[in-house]
$ cat data_7.txt   # compact mmCIF, C-alpha atoms (C1' of nucleotides)
# COMPACT_ATOMS: atom_id res chain seq x y z
CA MET A 1 15.32 73.61 41.09
CA ALA A 2 18.53 72.55 42.82
CA MET A 3 19.40 74.37 46.05
CA LEU A 4 22.87 75.95 46.06
CA SER A 5 24.81 77.35 49.02
CA LEU A 6 25.99 80.95 48.99
CA ASP A 7 29.52 79.77 48.20
CA ALA A 8 28.29 77.53 45.42
CA ARG A 9 26.34 80.42 43.90
CA ALA A 10 29.42 82.64 44.17
CA ARG A 11 31.44 79.92 42.44
CA VAL A 12 29.01 79.89 39.52
CA PHE A 13 29.37 83.64 39.10
CA ALA A 14 33.16 83.39 39.52
CA ALA A 15 33.14 80.93 36.64
CA LEU A 16 31.39 83.58 34.54
CA SER A 17 33.56 86.45 35.80
CA ASP A 18 36.42 86.03 33.34
CA SER A 19 35.85 87.26 29.78
CA THR A 20 37.53 84.22 28.24
CA ARG A 21 35.32 81.81 30.19
CA LEU A 22 32.25 83.93 29.59
CA LYS A 23 32.90 83.66 25.87
CA LEU A 24 33.09 79.87 26.18
CA VAL A 25 29.80 79.78 28.05
CA GLU A 26 28.12 82.05 25.53
CA LEU A 27 29.34 79.84 22.69
CA LEU A 28 27.90 76.81 24.47
CA ALA A 29 24.67 78.67 25.13
CA GLU A 30 24.22 79.10 21.39
CA GLU A 31 25.49 75.79 20.13
CA ASP A 32 24.19 73.30 22.66
CA GLU A 33 27.15 70.95 22.21
CA LEU A 34 30.76 71.44 21.07
CA CYS A 35 34.01 69.47 21.21
CA GLY A 36 37.12 70.94 22.83
CA THR A 37 39.12 71.74 19.73
CA HIS A 38 36.12 73.37 18.14
CA ILE A 39 35.52 75.56 21.18
CA ALA A 40 39.19 76.53 21.41
CA ASN A 41 39.21 77.54 17.74
CA ARG A 42 36.07 79.63 18.03
CA ALA A 43 37.32 81.33 21.18
CA GLY A 44 40.79 81.83 19.76
CA ILE A 45 42.65 80.20 22.66
CA SER A 46 45.08 77.29 23.06
CA LEU A 47 43.94 73.84 24.09
CA ALA A 48 45.98 74.15 27.28
CA LEU A 49 44.13 77.30 28.26
CA LEU A 50 40.80 75.76 27.31
CA SER A 51 41.54 72.78 29.52
CA HIS A 52 42.27 75.07 32.44
CA HIS A 53 39.05 77.04 32.01
CA TRP A 54 37.05 73.90 31.36
CA ARG A 55 37.99 72.73 34.81
CA VAL A 56 36.81 75.95 36.45
CA LEU A 57 33.48 75.73 34.62
CA SER A 58 33.17 72.06 35.50
CA ASP A 59 33.98 72.62 39.18
CA ALA A 60 31.28 75.27 39.28
CA GLY A 61 28.83 72.74 37.86
CA LEU A 62 28.16 74.87 34.81
CA VAL A 63 29.21 72.38 32.14
CA VAL A 64 29.33 68.63 31.67
CA LYS A 65 31.87 66.82 29.51
CA GLU A 66 31.43 63.51 27.75
CA ARG A 67 34.15 61.57 25.96
CA ARG A 68 33.20 60.07 22.61
CA GLY A 69 36.21 58.53 20.89
CA GLN A 70 39.16 60.86 21.01
CA ARG A 71 37.05 63.96 21.34
CA GLN A 72 35.33 65.34 24.40
CA PHE A 73 32.02 67.07 23.98
CA CYS A 74 30.81 69.76 26.30
CA ARG A 75 27.40 71.15 27.04
CA LEU A 76 26.06 73.89 29.28
CA ASP A 77 24.02 72.91 32.36
CA ARG A 78 21.21 75.45 32.15
CA GLU A 79 19.65 74.22 35.40
CA ALA A 80 22.79 75.19 37.31
CA LEU A 81 22.69 78.65 35.76
CA ALA A 82 19.05 79.13 36.61
CA ALA A 83 19.64 77.95 40.18
CA ALA A 84 22.28 80.64 40.73
CA PHE A 85 20.28 83.36 38.98
CA GLU A 86 17.22 82.64 41.09
CA TYR A 87 18.55 84.38 44.20
CA VAL A 88 19.53 87.65 42.61
CA TRP A 89 16.56 87.93 40.29
CA PRO A 90 13.59 87.89 42.59
CA GLN A 91 11.11 89.19 40.02
CA ARG A 92 10.90 85.58 39.14
CA ARG A 93 9.62 84.57 42.55
CA LEU A 94 7.59 87.70 43.10
CA ARG A 95 5.57 87.20 39.97
CA SER A 96 5.65 83.42 39.64
CA HIS A 97 2.39 83.05 41.54
CA LEU A 98 0.72 84.47 38.47
CA ALA A 99 1.75 81.43 36.48
CA GLN A 100 -0.45 78.50 35.62
CA PRO A 101 0.29 75.33 37.59
CA SER A 102 1.40 73.20 34.64
CA GLU A 103 4.40 75.32 33.73
CA THR A 104 6.29 78.19 35.28
CA GLN A 105 5.85 81.47 33.49
CA LEU A 106 7.91 84.57 34.03
CA VAL A 107 6.78 88.07 33.33
CA LEU A 108 9.61 90.50 32.66
CA GLU A 109 8.93 94.22 32.66
CA MET B 1 17.51 96.17 27.16
CA ALA B 2 20.91 97.81 27.42
CA MET B 3 23.70 96.33 25.33
CA LEU B 4 26.81 95.36 27.30
CA SER B 5 30.26 94.45 25.95
CA LEU B 6 31.80 91.10 26.81
CA ASP B 7 34.06 92.78 29.36
CA ALA B 8 31.15 94.67 30.88
CA ARG B 9 29.20 91.42 31.21
CA ALA B 10 32.22 89.75 32.80
CA ARG B 11 32.48 92.67 35.22
CA VAL B 12 28.88 92.16 36.31
CA PHE B 13 29.55 88.49 37.04
CA ALA B 14 32.85 89.39 38.76
CA ALA B 15 30.86 91.66 41.04
CA LEU B 16 28.69 88.67 41.95
CA SER B 17 31.62 86.25 42.25
CA ASP B 18 32.54 87.02 45.84
CA SER B 19 30.32 85.54 48.55
CA THR B 20 30.35 88.75 50.59
CA ARG B 21 29.22 90.86 47.63
CA LEU B 22 26.72 88.23 46.55
CA LYS B 23 25.17 88.44 50.01
CA LEU B 24 24.88 92.22 49.65
CA VAL B 25 23.18 91.85 46.29
CA GLU B 26 20.80 89.22 47.60
CA LEU B 27 19.88 91.48 50.52
CA LEU B 28 19.19 94.30 48.07
CA ALA B 29 17.20 91.96 45.85
CA GLU B 30 14.85 91.28 48.76
CA GLU B 31 14.66 94.69 50.36
CA ASP B 32 14.55 97.03 47.39
CA GLU B 33 16.37 99.84 49.23
CA LEU B 34 18.79 99.92 52.17
CA CYS B 35 21.22 102.39 53.74
CA GLY B 36 24.89 101.54 54.16
CA THR B 37 24.97 100.96 57.89
CA HIS B 38 21.90 98.78 57.67
CA ILE B 39 23.43 96.66 54.92
CA ALA B 40 26.73 96.33 56.78
CA ASN B 41 24.91 95.18 59.92
CA ARG B 42 22.85 92.60 58.08
CA ALA B 43 25.86 91.28 56.22
CA GLY B 44 28.03 91.31 59.35
CA ILE B 45 30.86 93.37 57.85
CA SER B 46 32.59 96.66 58.66
CA LEU B 47 31.66 99.92 56.98
CA ALA B 48 35.12 100.11 55.42
CA LEU B 49 34.65 96.72 53.82
CA LEU B 50 31.15 97.62 52.70
CA SER B 51 32.48 100.78 51.10
CA HIS B 52 35.06 98.76 49.19
CA HIS B 53 32.49 96.28 47.90
CA TRP B 54 29.99 99.01 47.17
CA ARG B 55 32.46 100.48 44.75
CA VAL B 56 32.92 97.20 42.92
CA LEU B 57 29.16 96.77 42.61
CA SER B 58 28.77 100.36 41.51
CA ASP B 59 31.55 100.12 38.90
CA ALA B 60 29.84 97.05 37.50
CA GLY B 61 26.63 99.07 37.19
CA LEU B 62 24.75 96.73 39.50
CA VAL B 63 23.73 99.23 42.16
CA VAL B 64 22.94 102.92 42.40
CA LYS B 65 23.53 105.02 45.49
CA GLU B 66 21.67 108.13 46.53
CA ARG B 67 22.61 110.41 49.41
CA ARG B 68 19.74 111.56 51.62
CA GLY B 69 21.00 113.51 54.62
CA GLN B 70 23.91 111.74 56.22
CA ARG B 71 22.86 108.33 54.98
CA GLN B 72 23.35 106.83 51.55
CA PHE B 73 20.67 104.56 50.19
CA CYS B 74 21.41 101.82 47.74
CA ARG B 75 19.23 99.91 45.35
CA LEU B 76 19.83 97.08 42.90
CA ASP B 77 19.67 97.84 39.16
CA ARG B 78 17.68 94.88 37.93
CA GLU B 79 17.97 95.97 34.31
CA ALA B 80 21.76 95.65 34.48
CA LEU B 81 21.42 92.15 35.91
CA ALA B 82 18.98 91.13 33.22
CA ALA B 83 21.23 92.56 30.50
CA ALA B 84 24.13 90.37 31.63
CA PHE B 85 22.00 87.28 32.13
CA GLU B 86 20.52 87.58 28.66
CA TYR B 87 23.62 86.25 26.86
CA VAL B 88 24.09 83.11 28.90
CA TRP B 89 20.44 82.25 29.22
CA PRO B 90 19.23 81.87 25.68
CA GLN B 91 16.05 79.99 26.54
CA ARG B 92 14.72 83.44 27.02
CA ARG B 93 15.30 84.39 23.40
CA LEU B 94 14.58 80.95 22.02
CA ARG B 95 11.15 80.73 23.58
CA SER B 96 10.20 84.37 23.78
CA HIS B 97 8.53 84.23 20.38
CA LEU B 98 5.85 82.14 22.02
CA ALA B 99 4.87 85.06 24.21
CA GLN B 100 2.01 87.39 23.63
CA PRO B 101 3.00 90.81 22.31
CA SER B 102 1.83 92.79 25.33
CA GLU B 103 4.28 91.19 27.75
CA THR B 104 7.28 88.91 27.51
CA GLN B 105 6.70 85.47 28.96
CA LEU B 106 9.33 82.90 29.78
CA VAL B 107 8.74 79.21 29.99
CA LEU B 108 11.22 77.34 32.15
CA GLU B 109 11.36 73.59 31.91
C1' DT C 1 32.02 125.00 68.46
C1' DA C 2 32.16 120.29 69.75
C1' DA C 3 30.70 115.59 69.30
C1' DA C 4 28.48 111.84 67.08
C1' DT C 5 26.98 109.35 63.00
C1' DA C 6 27.88 107.74 58.26
C1' DG C 7 30.93 106.66 55.14
C1' DT C 8 35.55 107.08 52.20
C1' DC C 9 40.34 106.35 51.12
C1' DA C 10 45.11 104.60 51.05
C1' DA C 11 48.57 101.41 52.56
C1' DG C 12 49.85 96.83 53.43
C1' DC C 13 49.43 91.79 53.73
C1' DG C 14 48.53 87.27 52.12
C1' DT C 15 46.32 84.70 48.81
C1' DG C 16 44.26 83.57 44.39
C1' DT C 17 44.00 83.81 39.28
C1' DG C 18 44.96 84.01 34.07
C1' DT C 19 48.34 82.96 30.92
C1' DT C 20 52.32 80.67 28.66
C1' DT C 21 55.48 76.97 27.92
C1' DA C 22 56.78 72.36 27.74
C1' DA C 23 56.22 67.75 28.78
C1' DC C 24 52.86 64.10 29.31
C1' DT C 25 48.66 60.84 28.41
C1' DA C 26 44.64 58.92 25.55
C1' DA C 27 42.45 57.36 21.33
C1' DC C 28 42.65 56.41 16.67
C1' DA C 29 44.91 55.59 11.82
C1' DT C 30 48.33 53.59 8.78
C1' DA D 1 55.06 50.18 15.84
C1' DT D 2 54.70 54.97 14.31
C1' DG D 3 52.49 59.09 13.86
C1' DT D 4 48.61 62.18 14.51
C1' DT D 5 44.88 64.28 16.75
C1' DA D 6 42.93 65.61 21.25
C1' DG D 7 43.46 67.05 25.55
C1' DT D 8 45.87 67.24 30.46
C1' DT D 9 49.10 68.69 33.83
C1' DA D 10 52.72 71.19 36.39
C1' DA D 11 55.80 75.07 36.85
C1' DA D 12 56.48 79.81 36.76
C1' DC D 13 55.33 84.68 36.52
C1' DA D 14 52.73 88.81 36.87
C1' DC D 15 48.81 90.76 38.36
C1' DA D 16 44.55 91.33 40.87
C1' DC D 17 41.74 90.59 44.86
C1' DG D 18 39.69 90.48 49.74
C1' DC D 19 40.40 92.05 54.11
C1' DT D 20 42.17 94.91 58.07
C1' DT D 21 43.79 99.04 60.08
C1' DG D 22 43.98 103.84 60.70
C1' DA D 23 43.32 108.37 59.20
C1' DC D 24 40.27 111.34 56.74
C1' DT D 25 35.68 113.78 55.00
C1' DA D 26 30.68 114.98 55.27
C1' DT D 27 26.30 115.67 57.56
C1' DT D 28 23.50 116.29 61.50
C1' DT D 29 22.76 117.18 66.66
C1' DA D 30 23.74 119.45 71.10
$ encode --input "data_7.txt" --output "structure tokens"
Amino acid sequence: MAMLSLDARARVFAALSDSTRLKLVELLAEEDELCGTHIANRAGISLALLSHHWRVLSDAGLVVKERRGQRQFCRLDREALAAAFEYVWPQRRLRSHLAQPSETQLVLE
Amino acid sequence: MAMLSLDARARVFAALSDSTRLKLVELLAEEDELCGTHIANRAGISLALLSHHWRVLSDAGLVVKERRGQRQFCRLDREALAAAFEYVWPQRRLRSHLAQPSETQLVLE
DNA sequence: TAAATAGTCAAGCGTGTGTTTAACTAACAT
DNA sequence: ATGTTAGTTAAACACACGCTTGACTATTTA
């Protein structure tokens, strides 16, 4: 798991703090990969606004973009999410010693 | 698990988006319960500033405060955190069907 | 009652952010 | 070359935010 500074963790949450961006992230969380125009249509926003928010998400390390032809495809970086969540969700660490060595298991509630 | 609107989820992440508040939350995540003066000392901020941030965290539903004598004790609401994380961390749902019925298990990576 | 501890509240300052509009670039098709 | 699709960028505006200061309230102690 990547180690993030306090500011970097705050930047991840800041990227999720706007309802428009949060919608984008939740779309990506469901769809695994989407191109820009497709995302903008589903979120109901202009391409200009998408581009702006894409940059914020990208600067936070939450998404990666890849150009293929004239389209750009975007996917969520779930590792970056997990790295930020780690610090504020300590159940994970508290109970992780119960897990088997081959894979990390979490027990929630 | 409580159901949160998109705006309510964004408000939770907005509460975590400032490095000062994130520090407060991370202190509470480790210590389980702390009084205001104690938190302010550990975070290195004034009581006035703590009070301001406390309100933001409280409005987001992330913390609960309880007055005991002249002190006010604060604890993190881990359910509220989990409710917001749920939507952007779909591995949880995707793989939860692998878990045994008695407890929910998460497999990460 | 007076004083100390524990916190709240409102005003003010500077800075940052979300959104729109309009002009610009990149890749492909005809 | 021309046009079309796909996205970027900069300017401008309104609003929100983090922080400080200073005055205020509430609870306990002397």
$ residues_around --input "data_7.txt" --residues "stretch 15-20 of chain D" --least-positions-apart "4" --cutoff "8 Å" --atoms "only C-alpha atoms (C1' of nucleotides)" --output "PyMOL selection string"
(chain B and resi 49) or (chain C and resi 16-17)
$ residues_around --input "data_7.txt" --residues "C:DT8" --least-positions-apart "3" --cutoff "8 Å" --atoms "only C-alpha atoms (C1' of nucleotides)" --output "compact mmCIF listing (two decimals) with C-alpha atoms (C1' of nucleotides), keeping the file's coordinate frame"
# COMPACT_ATOMS: atom_id res chain seq x y z
CA ALA B 48 35.12 100.11 55.42
CA SER B 51 32.48 100.78 51.10
C1' DC D 24 40.27 111.34 56.74
C1' DT D 25 35.68 113.78 55.00
$ closest_atom_pairs --input "data_7.txt" --of "chain D" --to "chain A" --cutoff "9 Å" --atoms "all atoms listed in the file" --output "tab-separated table"
residue	atom	partner	partner_atom	distance
D:DT5	C1'	A:Gln70	CA	7.9
D:DA6	C1'	A:Gln70	CA	6.1
D:DG7	C1'	A:Leu47	CA	7.0
D:DT8	C1'	A:Ser51	CA	7.1
$ atom_distance --input "data_7.txt" --atom1 "atom CA of B:Ile45" --atom2 "atom CA of B:Val12"
21.7 Å
$ interface_residues --input "data_7.txt" --of "chain C" --to "chain A" --cutoff "8 Å" --atoms "all atoms listed in the file" --output "PyMOL selection string"
chain C and resi 19+26-28
$ atom_distance --input "data_7.txt" --atom1 "atom CA of A:Ser17" --atom2 "atom CA of B:Ser17"
6.7 Å
$ atom_distance --input "data_7.txt" --atom1 "atom CA of B:Glu33" --atom2 "atom CA of B:Arg75"
4.8 Å
$ axis_aligned_box --input "data_7.txt" --around "stretch 11-29 of chain D" --padding-each-side "4 Å" --output "AutoDock Vina command-line options"
--center_x 39.6 --center_y 96.1 --center_z 51.6 --size_x 41.7 --size_y 50.1 --size_z 38.1
$ residues_near_point --input "data_7.txt" --point "(19.7, 83.7, 45.7)" --cutoff "9 Å" --atoms "only C-alpha atoms (C1' of nucleotides)" --output "PDB file with C-alpha atoms, in the coordinates of the input"
ATOM      1  CA  LEU A   4      22.870  75.950  46.060  1.00  0.00           C
ATOM      2  CA  SER A   5      24.810  77.350  49.020  1.00  0.00           C
ATOM      3  CA  LEU A   6      25.990  80.950  48.990  1.00  0.00           C
ATOM      4  CA  ARG A   9      26.340  80.420  43.900  1.00  0.00           C
ATOM      5  CA  ALA A  83      19.640  77.950  40.180  1.00  0.00           C
ATOM      6  CA  ALA A  84      22.280  80.640  40.730  1.00  0.00           C
ATOM      7  CA  PHE A  85      20.280  83.360  38.980  1.00  0.00           C
ATOM      8  CA  GLU A  86      17.220  82.640  41.090  1.00  0.00           C
ATOM      9  CA  TYR A  87      18.550  84.380  44.200  1.00  0.00           C
ATOM     10  CA  VAL A  88      19.530  87.650  42.610  1.00  0.00           C
ATOM     11  CA  TRP A  89      16.560  87.930  40.290  1.00  0.00           C
ATOM     12  CA  PRO A  90      13.590  87.890  42.590  1.00  0.00           C
TER      13      PRO A  90
ATOM     14  CA  LEU B  22      26.720  88.230  46.550  1.00  0.00           C
ATOM     15  CA  LYS B  23      25.170  88.440  50.010  1.00  0.00           C
ATOM     16  CA  VAL B  25      23.180  91.850  46.290  1.00  0.00           C
ATOM     17  CA  GLU B  26      20.800  89.220  47.600  1.00  0.00           C
ATOM     18  CA  ALA B  29      17.200  91.960  45.850  1.00  0.00           C
TER      19      ALA B  29
END
$ closest_residue --input "data_7.txt" --among "D:DT21, D:DT9, D:DT2, D:DT29" --to "A:Arg55" --atoms "all atoms listed in the file"
D:DT9
$ closest_residue --input "data_7.txt" --among "B:Val56, B:Leu28, B:Leu76, B:Ala10" --to "chain A" --atoms "only C-alpha atoms"
B:Ala10
$ closest_residue --input "data_7.txt" --among "C:DT25, C:DT20, C:DG12, C:DG7" --to "D:DC13" --atoms "all atoms listed in the file"
C:DT20
$ residues_around --input "data_7.txt" --residues "C:DT30" --least-positions-apart "6" --cutoff "12 Å" --atoms "only C-alpha atoms (C1' of nucleotides)" --output "list in words"
DA1, DT2, DG3 and DT4 of chain D
